[in-house]
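Worksheet: one structure, shown below.
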Amino acid sequence: MSAVIEGAATQEQSRRAAERGAGFLPRLVRQPIAVACSLILLVVVLACVFAEWVSPYGPLDQDLQNTAAGPSASHLLGTDQLGRDILSRLLHGGQVTLLGIVQAVVVCAVIGLFLGLTAGTLGGWVETVAMRLCDLLLAVPGLVMLLVILGIYGNNEAAAMITLGVIMAPTLARVVYSATIAVREELYVASARVAGLTSFQIMRRHILSGVTGPALTQISIVAAVACIAEAGIGYLGLGVAPPAPSWGNLVTDAQNMMPISAWMLVPTGGIIAVVTLSLTLLGNGIRDAYMGRSSGSSKAFSWRALAVTVSQAASPAGGGAAPLGQESILSVKGMTIRLPRGSSEVTVVDDVNFDVAPGEAVAIVGESGCGKSMTISGVLRVLPMGAHVAAASIAFKGAELTSLSEHEMNAYRGTGIGFISQEPISSLNPAFTVGHQLEEAVRLHRGVGKGEARQIARELMVRVRLPEPDAVAKKYPHELSGGMAQRIAIARALAGEPELLIADEPTTALDVSVQCEILDLLRDLREQTGMALILVTHDWGVVAEACDRALVMYAGQVVESADVRSIIAHPAHPYTRALLQSSSVGIAPRQLLPVIAGTVPVPGSWPHGCRFASRCELAEDACRTGPIPMVTLDEGSAARCIRTDVDELVRT
Amino acid sequence: MLGVVIRRLIVAVPLMGVISFIVFMLSSLAGGSVGQAILGPTASAASVAALNAKLGADRPVLVQYVDWLRHAITGDLGLSVVSGVPVADTIASRIPVTMSLAVGALLLVIILGVTSGAIAAIRGGVTGRLAEVLAVLGRGLPSFWLALIAVLVFGVNLAWLPVSGYVPFADSPSGWIQSLILPVVVLGVSEIALVAVVTRAEMLSAMRSDYVRSLRANGYPWKRIVFKHVAKNAAGPVLTMVSLVFVSLIGGTILMEQIFGMPGLGTLMVSATTKHDLQVIQGLAVFYTAMVVVVFLLTDIASGYLNAKARAR
Amino acid sequence: MSSLLEVRDLTVMYRGRGRRKDKVALEGVSVSLNEGETLGLVGESGSGKSTLGNTVLGLVKPERGTIRFDGSDIAGFTGAARRKLSTQIQAVFQDPYTSFNPHRTIEQSMGETLANSPPMSRGETRARVVAMLDRVGLDSSALSKFPAQFSGGQRQRISIARALLPEPRLVVCDESVSALDLSVQAQILNLLLELQRERGVAYLFITHDLSVVRHMSTRIAVLEHGKLIEQGDAAGVTDEPSQPYTRRLISASLSADSELQRDRRSTRRAMTRLAADATGDRSKRADEVLRTLEHQAVTEVFAQPVPQSRALALPLSRGIAGVADVDGVTALRAAVLELAPRTAEAMTPAAMLTLVQEARARKCSALISRGQAGVLYGRIRDLAVAIETGDRARALELVGSFDEPLEPRPRSNGARAGAHTIESQG
């Protein structure tokens, strides 16, 4: 999971957790649309099944006084050309249609579940054969096949609906199959096997629970399709022969009556529409309930909503500044980032200040949920949808970024500030060759022609030490190793010759030896070009390796800022010290590590006072009463702690 | 690329054989011979047997099938037992009608579906919601019923458009267009929203992706990101959806032709079904399958072009 | 003491499907683990370390080899026999988010592990689950909750509780702390260590993180591309690695200790330059690279955190600073061999010592025939050029030629053809 949504993910999880607290059925019951649809279907089904008793007239009874009449007290839905009561005919006709639906659904469910489950659980040749069979059946046009069957078997509805069930089965089989293999790969199935469960127990407890939701959703769609198909057959006069009613041939009757009165179209088409719509919506409800979404809660997401709203806030606070006497290339003052959560908002980054000097390498260190990725995303304005950035100032080389529009930001992104992300392969577009993507970046940022762009792209690939650049250029991202993809991503970021490179956990997804190569590369590139670097990481080894200065973040705030050497040797903030000690450096093997109890508080539940107080050994009452300011220590270092004096004692 | 085509063909050709074989088997299992079907239930056993012998329907079903298949390969689908006209000729003469309908509806679906889906993904707001609601409605409302309403409103009450018949393009291009508008719109309308929903969902998932975040962070203009990078990634699934939509449109033409009185394959199918004209049914089944297979083949080639991973597989 | 787990000559293949080829995941790997101890398995992605764990767990079928657990070969166990082992062998997997079925409560998920234990009443089961949860720091309110209601660290605690519930003798920990934040990771490592002390359970501890494995293990086995590179007691493997791959892995693992870090960095960087830098004037560049490497060979020796190797390095560096080129060349050759570990013999401290001695001997010889050093130098330059131009075949050929007696070539500065051969090449 990409780090950019770490804050969003936590809140998403907590929301889902609350919903998952109850099982699947209670969640379904909480969906008003699904409940309403179920009720409608129940009423229709019951009324049709008990049509003999419920309907006011017989299906063939004629009221010759009222032919082709509209709705009235005696005929609630009016009468047809022969004076037969439409409601009664609908209810009786429904028996035929509903029976057809049941036939199709049962056949489809049996075949589809069987094929999907066996293919998914057994694998091997069974899987191949079953899926090939599905491919074959998918290429059969449904309605045509129904007509073929009806042509051969002479208006035999049962045969037609069973055929329909067979034709629809491969889609269900595929749904079940992909749900099964998704579950099959889950670690909890491995855990169950390790726990010594039999294959049957695993199927029953784990696989079925993963398949139920998608299968039910698909089955409700099958039912809806069957309903329309059955009605279509009836409408074409190929189903139940008149005068016996069916929903389809009632539409034909309505069509014949059109010159006299169009009314009959309404109830006859209406009932089909109501049933199919209810089935479709019920299917959607099942899907939503299964996936833990509440219906209609998915906020309207769009490209436009990706544009972050930025506002200028007052009162810059001190701390975290670059060493004095240096003009900073990036200066962030009082940046606060809020993300939408449900109907309200939650702060994920709180009043962050920092400066980056030209050529300087600054690390932003912290655990997940502390807001480090959010901080750099806020600077670049590539936050999740609906985010809001407020800052007193975000200045790049003296230019104020907060007052720029999304469009104007592009004057700085790429050319002034380059960016590389955590997942090297997914940060490249899978649909284009890497060479093409690199050339595109060069043309975009340097405004050169095609031939020259190709030349520069090649030079960039050599610069990031890609072996055989010409061969690599022809490859797609998924054909590259993580390390090679990250080199391409770096080359792309260099295309605009940025003066500041922002790297979001650039080596977290890589093997250690590749990690070193990438960090070495970044170091060399910085030596060659003099560009500054902001590196987000959770790894102190990476900090020590690649950076000059470190900002430690905790619960949305910068808690310490200092030179890397001194922060590692003499951490001032208790959190920094605890974090450093948590890595097993300097502890005798197989002895207990010093640990910080508890976990980072989730955004939205940050205490008023020191956010680390509840986990801190040094905490006293003063720590909890109010916000703690950044306290400037020696030589441009600062810590958000009022007990650094005590720290000194503890440390020695 | 050629490999994909060949592999698909390897599946496709036997598929048509399998379909025709199944149809053949089913008709023999159904009982009642061809002669019986032609002469009706009242005919004497002797006359039925005589006719069967004349038609070669008294031979074992496998022999009949092999015989049929041998002719089918050369394009000879036999004679209609009802009209005595070669099935292949009948089908050929009706293809333009059905294709005009299906392709017209497909173009409508693609143009409107993709555009509105893209607008919903880019601009957000109510468009996306609307597309979702319309997709549910499109799936829920029976098309033949919608067609009747359309006939009633635009044909009868407003009298804007003809409600029945088909004018060949060669006779009158404007008449051709007029005769197609209602059936094409009704046929396509329920699928537009479906394509729109898929387009929107695929574009949104591409927009949420890591590479789009990287592109934005590296200062790419939004038009380039959306219309190049997002579009190419969304195109594959949309294309698959469109091919499925085309299959369902082909089915839909049967009803539309019936309602709007158009002399296409669909009306031929329905009349053959009511008359139990097995030769025609057989020929049509194979032809429809062939159409679907061709569409799937084209889709595969196109998505292979769009998606490097699919090509590698 | 007999081993609890004894893996012998294990080979695992992943069968390719369709057009994909078969892949060898493990090839003739043998490792052993004693009761109550921890065997750390390290390696990079694709090294087969997780495959080894999964094979021990019975999730993957081996192609060849034996897995002796408590004396009996369990490699071929299937069905009920294998399921019975679940009370003996358990697992804690990497991802705490997917190792629980989201639709089942914690009580249901945990109770699962007792499936093959002697039957007990519901109350007893619950009591055992509650006691275990309590041990890992969670209260009984967790029973009826769903996995999504816990944080990653809490879930990993529950994973551990679940694994230890049937009182197993061996727990396979497959990257059990990799997905966790640093502070939580330390908590979980402590919990694992404490439980091992209390219950005497053995761990097969699989990870890519060298510092974690060093901290947790009594023994360490290093894997690369499905092959066992080296195996030994933890201190030995991490402090005095005998294999270049292990050394490289250690030099690549980053540490917050900045002094150590700088040494390791400089070693790596010179090697990278030789291997990958393809810009600039070639011949001039090659000289530059060579000079760096000469220096580098020394740094490399210094970088090893073993006092003994520092002692080794000193004469070496003096040799370079001093008169003849020969020592420098030898050191250079050592670095070159380091670059091609699979084509040349491994550079152990002992081998390095031999080389230094050889170098001294050769220095004397070189005084007699000044051409020799030049020839060697020339070859190395050729090698550097070959590496630069990506000519792998030529590079390998040159590396191989180091083990042949030296013959001065006409273009070298020393013209005394065939006058002398240098004896006993490492």
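In the structure tokens, the first chain shown is A, the next is B, and so on; residue numbers restart at 1 for each chain, and ligands run from 1 in the order shown.
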
With 7 Å as the cut-off and only C-alpha atoms counted, what is the closest atom pair between each nearby residue of chain C and chain A? Distances in Å to one decimal, ordered by chain and number, as a Markdown table.
| residue | atom | partner | partner_atom | distance |
| --- | --- | --- | --- | --- |
| C:Glu44 | CA | A:Asp511 | CA | 5.9 |
| C:Ser45 | CA | A:Asp511 | CA | 6.7 |
| C:Leu57 | CA | A:Val194 | CA | 6.4 |
| C:Arg83 | CA | A:Gly196 | CA | 4.2 |
| C:Lys84 | CA | A:Gly196 | CA | 6.7 |
| C:Ser86 | CA | A:Gly196 | CA | 5.2 |
| C:Gln90 | CA | A:Val194 | CA | 6.2 |
| C:Ala91 | CA | A:Val194 | CA | 6.9 |
| C:Thr98 | CA | A:Leu187 | CA | 5.6 |
| C:Ser99 | CA | A:Tyr188 | CA | 4.2 |
| C:Phe100 | CA | A:Tyr188 | CA | 4.9 |
| C:Asn101 | CA | A:Tyr188 | CA | 5.7 |
| C:Glu112 | CA | A:Ala195 | CA | 6.4 |
| C:Thr113 | CA | A:Ala195 | CA | 4.5 |
| C:Ala115 | CA | A:Gly196 | CA | 6.8 |
| C:Asn116 | CA | A:Gly196 | CA | 6.5 |
| C:Lys145 | CA | A:Gly21 | CA | 6.7 |
| C:Phe146 | CA | A:Gly21 | CA | 6.2 |
| C:Ala148 | CA | A:Ala17 | CA | 5.0 |
| C:Gln149 | CA | A:Ala17 | CA | 5.0 |
| C:Asp181 | CA | A:Glu367 | CA | 5.8 |
| C:Leu182 | CA | A:Ser582 | CA | 6.4 |
| C:Ser183 | CA | A:Ser582 | CA | 5.7 |
| C:Ala186 | CA | A:Ser582 | CA | 5.5 |
| C:Gln187 | CA | A:Val595 | CA | 6.0 |
| C:Asn190 | CA | A:Leu592 | CA | 5.3 |
| C:Leu193 | CA | A:Arg590 | CA | 7.0 |
| C:Ser211 | CA | A:Ser584 | CA | 6.5 |
| C:Val212 | CA | A:Ser584 | CA | 6.8 |
| C:Arg214 | CA | A:Pro589 | CA | 6.6 |
| C:His215 | CA | A:Pro589 | CA | 4.3 |
| C:Met216 | CA | A:Arg590 | CA | 5.3 |
| C:Leu249 | CA | A:Ser513 | CA | 6.5 |
| C:Ala252 | CA | A:Ser513 | CA | 5.0 |
| C:Ser253 | CA | A:Val512 | CA | 5.8 |
| C:Leu254 | CA | A:Gly541 | CA | 4.5 |
| C:Ser255 | CA | A:Gly541 | CA | 4.2 |
| C:Ala256 | CA | A:Gly541 | CA | 4.4 |
| C:Ser258 | CA | A:Ala544 | CA | 6.0 |
| C:Gln261 | CA | A:Glu545 | CA | 6.7 |
| C:Arg269 | CA | A:Asp520 | CA | 6.8 |
| C:Ala276 | CA | A:Arg465 | CA | 5.8 |
| C:Asp277 | CA | A:Arg465 | CA | 6.5 |

N, CA and C atoms of the current selection, written as a tab-separated table (two decimals), in the first residue's frame:
chain	number	residue	atom	x	y	z
C	44	GLU	N	18.27	-12.40	0.00
C	44	GLU	CA	17.48	-11.36	-0.65
C	44	GLU	C	16.27	-11.99	-1.31
C	45	SER	N	15.42	-11.19	-1.94
C	45	SER	CA	14.23	-11.77	-2.56
C	45	SER	C	14.67	-12.73	-3.66
C	57	LEU	N	6.75	-26.32	6.59
C	57	LEU	CA	5.35	-26.26	7.02
C	57	LEU	C	4.44	-27.19	6.22
C	83	ARG	N	-1.34	-33.38	9.03
C	83	ARG	CA	-2.19	-32.52	9.87
C	83	ARG	C	-1.87	-32.69	11.35
C	84	LYS	N	-1.50	-33.92	11.73
C	84	LYS	CA	-1.16	-34.18	13.12
C	84	LYS	C	0.05	-33.34	13.55
C	86	SER	N	0.59	-30.43	13.00
C	86	SER	CA	0.23	-29.04	13.29
C	86	SER	C	0.33	-28.72	14.77
C	90	GLN	N	4.29	-24.80	13.94
C	90	GLN	CA	3.34	-23.72	13.70
C	90	GLN	C	4.04	-22.59	12.94
C	91	ALA	N	3.28	-21.55	12.61
C	91	ALA	CA	3.87	-20.48	11.82
C	91	ALA	C	3.33	-19.11	12.22
C	98	THR	N	-3.43	-9.89	6.40
C	98	THR	CA	-4.08	-10.94	5.62
C	98	THR	C	-3.97	-12.31	6.29
C	99	SER	N	-3.30	-12.39	7.45
C	99	SER	CA	-3.18	-13.72	8.02
C	99	SER	C	-4.37	-14.10	8.89
C	100	PHE	N	-5.39	-13.23	8.92
C	100	PHE	CA	-6.64	-13.60	9.57
C	100	PHE	C	-7.80	-13.44	8.60
C	101	ASN	N	-8.72	-14.40	8.61
C	101	ASN	CA	-9.91	-14.29	7.79
C	101	ASN	C	-10.77	-13.14	8.33
C	112	GLU	N	-9.05	-22.54	15.74
C	112	GLU	CA	-8.68	-23.37	14.61
C	112	GLU	C	-7.39	-24.17	14.84
C	113	THR	N	-6.43	-23.54	15.49
C	113	THR	CA	-5.13	-24.21	15.67
C	113	THR	C	-5.24	-25.41	16.59
C	115	ALA	N	-7.42	-27.68	16.29
C	115	ALA	CA	-8.19	-28.70	15.59
C	115	ALA	C	-7.63	-30.10	15.79
C	116	ASN	N	-6.30	-30.20	15.83
C	116	ASN	CA	-5.71	-31.53	15.93
C	116	ASN	C	-5.17	-31.86	17.31
C	145	LYS	N	-14.08	-10.07	18.84
C	145	LYS	CA	-13.83	-9.02	17.85
C	145	LYS	C	-13.34	-9.61	16.54
C	146	PHE	N	-13.41	-8.77	15.49
C	146	PHE	CA	-12.91	-9.17	14.18
C	146	PHE	C	-11.51	-8.61	13.96
C	148	ALA	N	-10.15	-6.79	11.82
C	148	ALA	CA	-10.04	-5.40	11.39
C	148	ALA	C	-10.05	-4.43	12.57
C	149	GLN	N	-10.46	-4.92	13.73
C	149	GLN	CA	-10.56	-4.01	14.87
C	149	GLN	C	-9.23	-3.88	15.63
C	181	ASP	N	6.19	-1.34	12.21
C	181	ASP	CA	7.00	-0.17	12.49
C	181	ASP	C	8.08	-0.51	13.50
C	182	LEU	N	9.12	0.31	13.50
C	182	LEU	CA	10.29	0.01	14.31
C	182	LEU	C	9.96	-0.24	15.78
C	183	SER	N	9.17	0.64	16.37
C	183	SER	CA	8.92	0.50	17.81
C	183	SER	C	8.08	-0.75	18.09
C	186	ALA	N	10.22	-3.96	17.73
C	186	ALA	CA	10.99	-4.29	18.92
C	186	ALA	C	10.12	-5.00	19.95
C	187	GLN	N	8.88	-4.54	20.11
C	187	GLN	CA	7.97	-5.19	21.06
C	187	GLN	C	7.77	-6.66	20.68
C	190	ASN	N	10.84	-8.83	21.27
C	190	ASN	CA	10.96	-9.14	22.70
C	190	ASN	C	10.00	-10.25	23.10
C	193	LEU	N	11.29	-13.55	21.97
C	193	LEU	CA	12.42	-14.01	22.80
C	193	LEU	C	11.94	-14.51	24.15
C	211	SER	N	20.18	-7.14	10.69
C	211	SER	CA	20.33	-6.77	12.10
C	211	SER	C	19.31	-7.52	12.96
C	212	VAL	N	18.12	-7.75	12.41
C	212	VAL	CA	17.11	-8.51	13.15
C	212	VAL	C	17.57	-9.95	13.32
C	214	ARG	N	20.53	-11.15	13.27
C	214	ARG	CA	21.66	-11.21	14.19
C	214	ARG	C	21.17	-11.17	15.63
C	215	HIS	N	20.17	-10.34	15.85
C	215	HIS	CA	19.69	-10.18	17.21
C	215	HIS	C	18.94	-11.42	17.70
C	216	MET	N	18.24	-12.10	16.80
C	216	MET	CA	17.34	-13.17	17.23
C	216	MET	C	17.98	-14.56	17.22
C	249	LEU	N	26.46	-8.79	1.55
C	249	LEU	CA	25.18	-8.56	2.20
C	249	LEU	C	25.38	-7.68	3.44
C	252	ALA	N	26.19	-4.21	2.63
C	252	ALA	CA	25.03	-3.50	2.08
C	252	ALA	C	24.00	-3.16	3.14
C	253	SER	N	24.01	-3.90	4.25
C	253	SER	CA	22.98	-3.61	5.24
C	253	SER	C	23.36	-2.33	5.96
C	254	LEU	N	22.44	-1.41	5.97
C	254	LEU	CA	22.74	-0.09	6.50
C	254	LEU	C	22.60	-0.08	8.01
C	255	SER	N	23.44	0.71	8.60
C	255	SER	CA	23.34	0.79	10.05
C	255	SER	C	23.39	2.25	10.45
C	256	ALA	N	22.79	2.53	11.58
C	256	ALA	CA	22.78	3.91	12.03
C	256	ALA	C	24.13	4.31	12.60
C	258	SER	N	27.42	5.55	12.28
C	258	SER	CA	27.91	6.26	11.10
C	258	SER	C	29.36	5.93	10.74
C	261	GLN	N	29.32	2.75	8.96
C	261	GLN	CA	28.60	3.04	7.74
C	261	GLN	C	29.52	3.61	6.66
C	269	ARG	N	31.17	1.68	-3.00
C	269	ARG	CA	31.11	2.67	-4.07
C	269	ARG	C	32.19	2.45	-5.13
C	276	ALA	N	29.93	-0.24	-13.13
C	276	ALA	CA	28.84	0.39	-13.87
C	276	ALA	C	29.18	1.70	-14.56
C	277	ASP	N	30.23	2.39	-14.12
C	277	ASP	CA	30.45	3.70	-14.69
C	277	ASP	C	31.00	3.59	-16.10

I'd like to know which of A:Ala139, A:Ser220, A:Met258, A:Ile286 is closest to Val153 (chain B), using only C-alpha atoms.
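Of A:Ala139, A:Ser220, A:Met258, A:Ile286, the one nearest Val153 (chain B) is A:Met258, counting only C-alpha atoms.
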
What separation in Å, quoted to one decimal, exists between CA of Leu115 (chain A) and CA of Arg15 (chain C)?
23.5 Å

Kindly provide the residues of chain A that approach chain B to within 6 Å, each paired with its closest atom pair and their distance in Å to one decimal, based on only C-alpha atoms, listed by chain and increasing number, as JSON lines.
{"residue": "A:Val140", "atom": "CA", "partner": "B:Thr289", "partner_atom": "CA", "distance": 6.0}
{"residue": "A:Leu143", "atom": "CA", "partner": "B:Gly251", "partner_atom": "CA", "distance": 5.3}
{"residue": "A:Gly151", "atom": "CA", "partner": "B:Thr273", "partner_atom": "CA", "distance": 3.9}
{"residue": "A:Ile152", "atom": "CA", "partner": "B:Ser27", "partner_atom": "CA", "distance": 5.5}
{"residue": "A:Ile228", "atom": "CA", "partner": "B:Pro142", "partner_atom": "CA", "distance": 5.9}
{"residue": "A:Gly269", "atom": "CA", "partner": "B:Trp145", "partner_atom": "CA", "distance": 5.9}
{"residue": "A:Ala273", "atom": "CA", "partner": "B:Leu141", "partner_atom": "CA", "distance": 4.9}
{"residue": "A:Thr276", "atom": "CA", "partner": "B:Gly140", "partner_atom": "CA", "distance": 4.9}
{"residue": "A:Leu277", "atom": "CA", "partner": "B:Gly140", "partner_atom": "CA", "distance": 4.6}
{"residue": "A:Ser302", "atom": "CA", "partner": "B:Gly124", "partner_atom": "CA", "distance": 4.7}
{"residue": "A:Trp303", "atom": "CA", "partner": "B:Ile122", "partner_atom": "CA", "distance": 4.5}
{"residue": "A:Arg304", "atom": "CA", "partner": "B:Arg123", "partner_atom": "CA", "distance": 5.6}
{"residue": "A:Leu380", "atom": "CA", "partner": "B:Ala217", "partner_atom": "CA", "distance": 6.0}
{"residue": "A:Asn410", "atom": "CA", "partner": "B:Gly219", "partner_atom": "CA", "distance": 4.4}
{"residue": "A:Arg413", "atom": "CA", "partner": "B:Gly219", "partner_atom": "CA", "distance": 4.3}
{"residue": "A:Gly414", "atom": "CA", "partner": "B:Asn218", "partner_atom": "CA", "distance": 3.8}
{"residue": "A:Gly418", "atom": "CA", "partner": "B:Asn218", "partner_atom": "CA", "distance": 5.7}
{"residue": "A:Phe419", "atom": "CA", "partner": "B:Asn218", "partner_atom": "CA", "distance": 5.9}
{"residue": "A:Ser426", "atom": "CA", "partner": "B:Asp210", "partner_atom": "CA", "distance": 5.9}
{"residue": "A:Ser427", "atom": "CA", "partner": "B:Tyr211", "partner_atom": "CA", "distance": 3.9}
{"residue": "A:Leu428", "atom": "CA", "partner": "B:Tyr211", "partner_atom": "CA", "distance": 5.1}
{"residue": "A:Asn429", "atom": "CA", "partner": "B:Tyr211", "partner_atom": "CA", "distance": 5.7}
{"residue": "A:Ala431", "atom": "CA", "partner": "B:Asn307", "partner_atom": "CA", "distance": 5.7}

Once you have the residues from the selection above, write them out as an mmCIF file, in the first residue's frame, restricted to N, CA, C and O atoms.
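File produced: selection_3.cif:
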data_model
loop_
_atom_site.group_PDB
_atom_site.id
_atom_site.type_symbol
_atom_site.label_atom_id
_atom_site.label_comp_id
_atom_site.auth_asym_id
_atom_site.auth_seq_id
_atom_site.Cartn_x
_atom_site.Cartn_y
_atom_site.Cartn_z
ATOM 1 N N VAL A 140 -20.963 -17.688 -26.798
ATOM 2 C CA VAL A 140 -22.265 -18.047 -27.350
ATOM 3 C C VAL A 140 -23.237 -16.897 -27.107
ATOM 4 O O VAL A 140 -23.455 -16.502 -25.974
ATOM 5 N N LEU A 143 -29.340 -14.904 -26.449
ATOM 6 C CA LEU A 143 -30.701 -14.915 -26.972
ATOM 7 C C LEU A 143 -30.810 -15.812 -28.204
ATOM 8 O O LEU A 143 -31.800 -16.529 -28.389
ATOM 9 N N GLY A 151 -36.665 -23.241 -31.077
ATOM 10 C CA GLY A 151 -36.962 -23.724 -32.419
ATOM 11 C C GLY A 151 -36.962 -25.235 -32.465
ATOM 12 O O GLY A 151 -37.808 -25.854 -33.101
ATOM 13 N N ILE A 152 -35.989 -25.821 -31.769
ATOM 14 C CA ILE A 152 -35.879 -27.270 -31.809
ATOM 15 C C ILE A 152 -36.927 -27.942 -30.929
ATOM 16 O O ILE A 152 -37.585 -28.889 -31.321
ATOM 17 N N ILE A 228 -35.714 -10.750 -17.746
ATOM 18 C CA ILE A 228 -35.882 -10.042 -19.008
ATOM 19 C C ILE A 228 -35.916 -11.015 -20.177
ATOM 20 O O ILE A 228 -36.715 -10.880 -21.099
ATOM 21 N N GLY A 269 -45.112 -3.613 -18.621
ATOM 22 C CA GLY A 269 -43.670 -3.366 -18.603
ATOM 23 C C GLY A 269 -43.204 -3.030 -17.212
ATOM 24 O O GLY A 269 -42.097 -3.404 -16.799
ATOM 25 N N ALA A 273 -39.955 -4.323 -15.055
ATOM 26 C CA ALA A 273 -38.938 -3.358 -14.652
ATOM 27 C C ALA A 273 -38.734 -3.390 -13.137
ATOM 28 O O ALA A 273 -37.599 -3.391 -12.652
ATOM 29 N N THR A 276 -36.806 -6.624 -12.157
ATOM 30 C CA THR A 276 -35.392 -6.640 -12.552
ATOM 31 C C THR A 276 -34.609 -5.563 -11.821
ATOM 32 O O THR A 276 -33.480 -5.798 -11.385
ATOM 33 N N LEU A 277 -35.221 -4.381 -11.671
ATOM 34 C CA LEU A 277 -34.508 -3.318 -10.954
ATOM 35 C C LEU A 277 -34.240 -3.734 -9.515
ATOM 36 O O LEU A 277 -33.154 -3.514 -8.978
ATOM 37 N N SER A 302 -13.284 12.342 -8.412
ATOM 38 C CA SER A 302 -13.017 12.715 -9.790
ATOM 39 C C SER A 302 -11.634 13.323 -9.874
ATOM 40 O O SER A 302 -10.990 13.591 -8.867
ATOM 41 N N TRP A 303 -11.190 13.540 -11.100
ATOM 42 C CA TRP A 303 -9.905 14.176 -11.320
ATOM 43 C C TRP A 303 -9.889 15.539 -10.649
ATOM 44 O O TRP A 303 -8.915 15.938 -10.033
ATOM 45 N N ARG A 304 -10.996 16.234 -10.771
ATOM 46 C CA ARG A 304 -11.071 17.573 -10.225
ATOM 47 C C ARG A 304 -10.873 17.559 -8.711
ATOM 48 O O ARG A 304 -10.237 18.441 -8.144
ATOM 49 N N LEU A 380 4.125 19.111 -2.568
ATOM 50 C CA LEU A 380 3.941 18.893 -3.997
ATOM 51 C C LEU A 380 2.480 18.937 -4.429
ATOM 52 O O LEU A 380 2.171 18.888 -5.612
ATOM 53 N N ASN A 410 2.682 23.458 -11.903
ATOM 54 C CA ASN A 410 3.476 22.677 -12.851
ATOM 55 C C ASN A 410 4.724 23.398 -13.331
ATOM 56 O O ASN A 410 5.591 22.792 -13.935
ATOM 57 N N ARG A 413 6.873 21.854 -10.364
ATOM 58 C CA ARG A 413 6.964 20.406 -10.243
ATOM 59 C C ARG A 413 7.691 19.859 -11.459
ATOM 60 O O ARG A 413 7.380 20.210 -12.594
ATOM 61 N N GLY A 414 8.621 18.985 -11.224
ATOM 62 C CA GLY A 414 9.348 18.380 -12.337
ATOM 63 C C GLY A 414 10.600 19.156 -12.696
ATOM 64 O O GLY A 414 11.683 18.595 -12.753
ATOM 65 N N GLY A 418 11.883 17.579 -8.270
ATOM 66 C CA GLY A 418 11.614 16.268 -8.839
ATOM 67 C C GLY A 418 11.078 15.339 -7.763
ATOM 68 O O GLY A 418 11.235 15.598 -6.568
ATOM 69 N N PHE A 419 10.442 14.250 -8.187
ATOM 70 C CA PHE A 419 9.817 13.369 -7.206
ATOM 71 C C PHE A 419 10.007 11.907 -7.605
ATOM 72 O O PHE A 419 9.817 11.541 -8.758
ATOM 73 N N SER A 426 5.305 0.390 -9.829
ATOM 74 C CA SER A 426 3.987 0.959 -10.036
ATOM 75 C C SER A 426 4.037 2.473 -10.202
ATOM 76 O O SER A 426 3.033 3.090 -10.533
ATOM 77 N N SER A 427 5.198 3.087 -10.003
ATOM 78 C CA SER A 427 5.271 4.519 -10.248
ATOM 79 C C SER A 427 5.500 4.817 -11.729
ATOM 80 O O SER A 427 5.521 5.971 -12.133
ATOM 81 N N LEU A 428 5.672 3.764 -12.518
ATOM 82 C CA LEU A 428 5.786 3.943 -13.968
ATOM 83 C C LEU A 428 4.516 3.416 -14.620
ATOM 84 O O LEU A 428 3.926 2.444 -14.156
ATOM 85 N N ASN A 429 4.124 4.064 -15.701
ATOM 86 C CA ASN A 429 2.901 3.667 -16.382
ATOM 87 C C ASN A 429 3.103 2.320 -17.066
ATOM 88 O O ASN A 429 3.987 2.168 -17.909
ATOM 89 N N ALA A 431 1.594 0.897 -19.332
ATOM 90 C CA ALA A 431 1.173 0.785 -20.729
ATOM 91 C C ALA A 431 2.200 1.310 -21.727
ATOM 92 O O ALA A 431 1.998 1.189 -22.924
#

Determine which residues of region 82-282 of chain C receive a DSSP assignment of alpha helix (DSSP H), computed from the backbone, and state them as a ChimeraX atom specification.
/C:82-84,106-111,122-135,152-164,182-199,210-216,234-239,244-252,258-276,282

Please report the interatomic distance between CA of Arg458 (chain A) and CA of Tyr412 (chain A) in Å with one decimal.
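It comes out at 24.0 Å.
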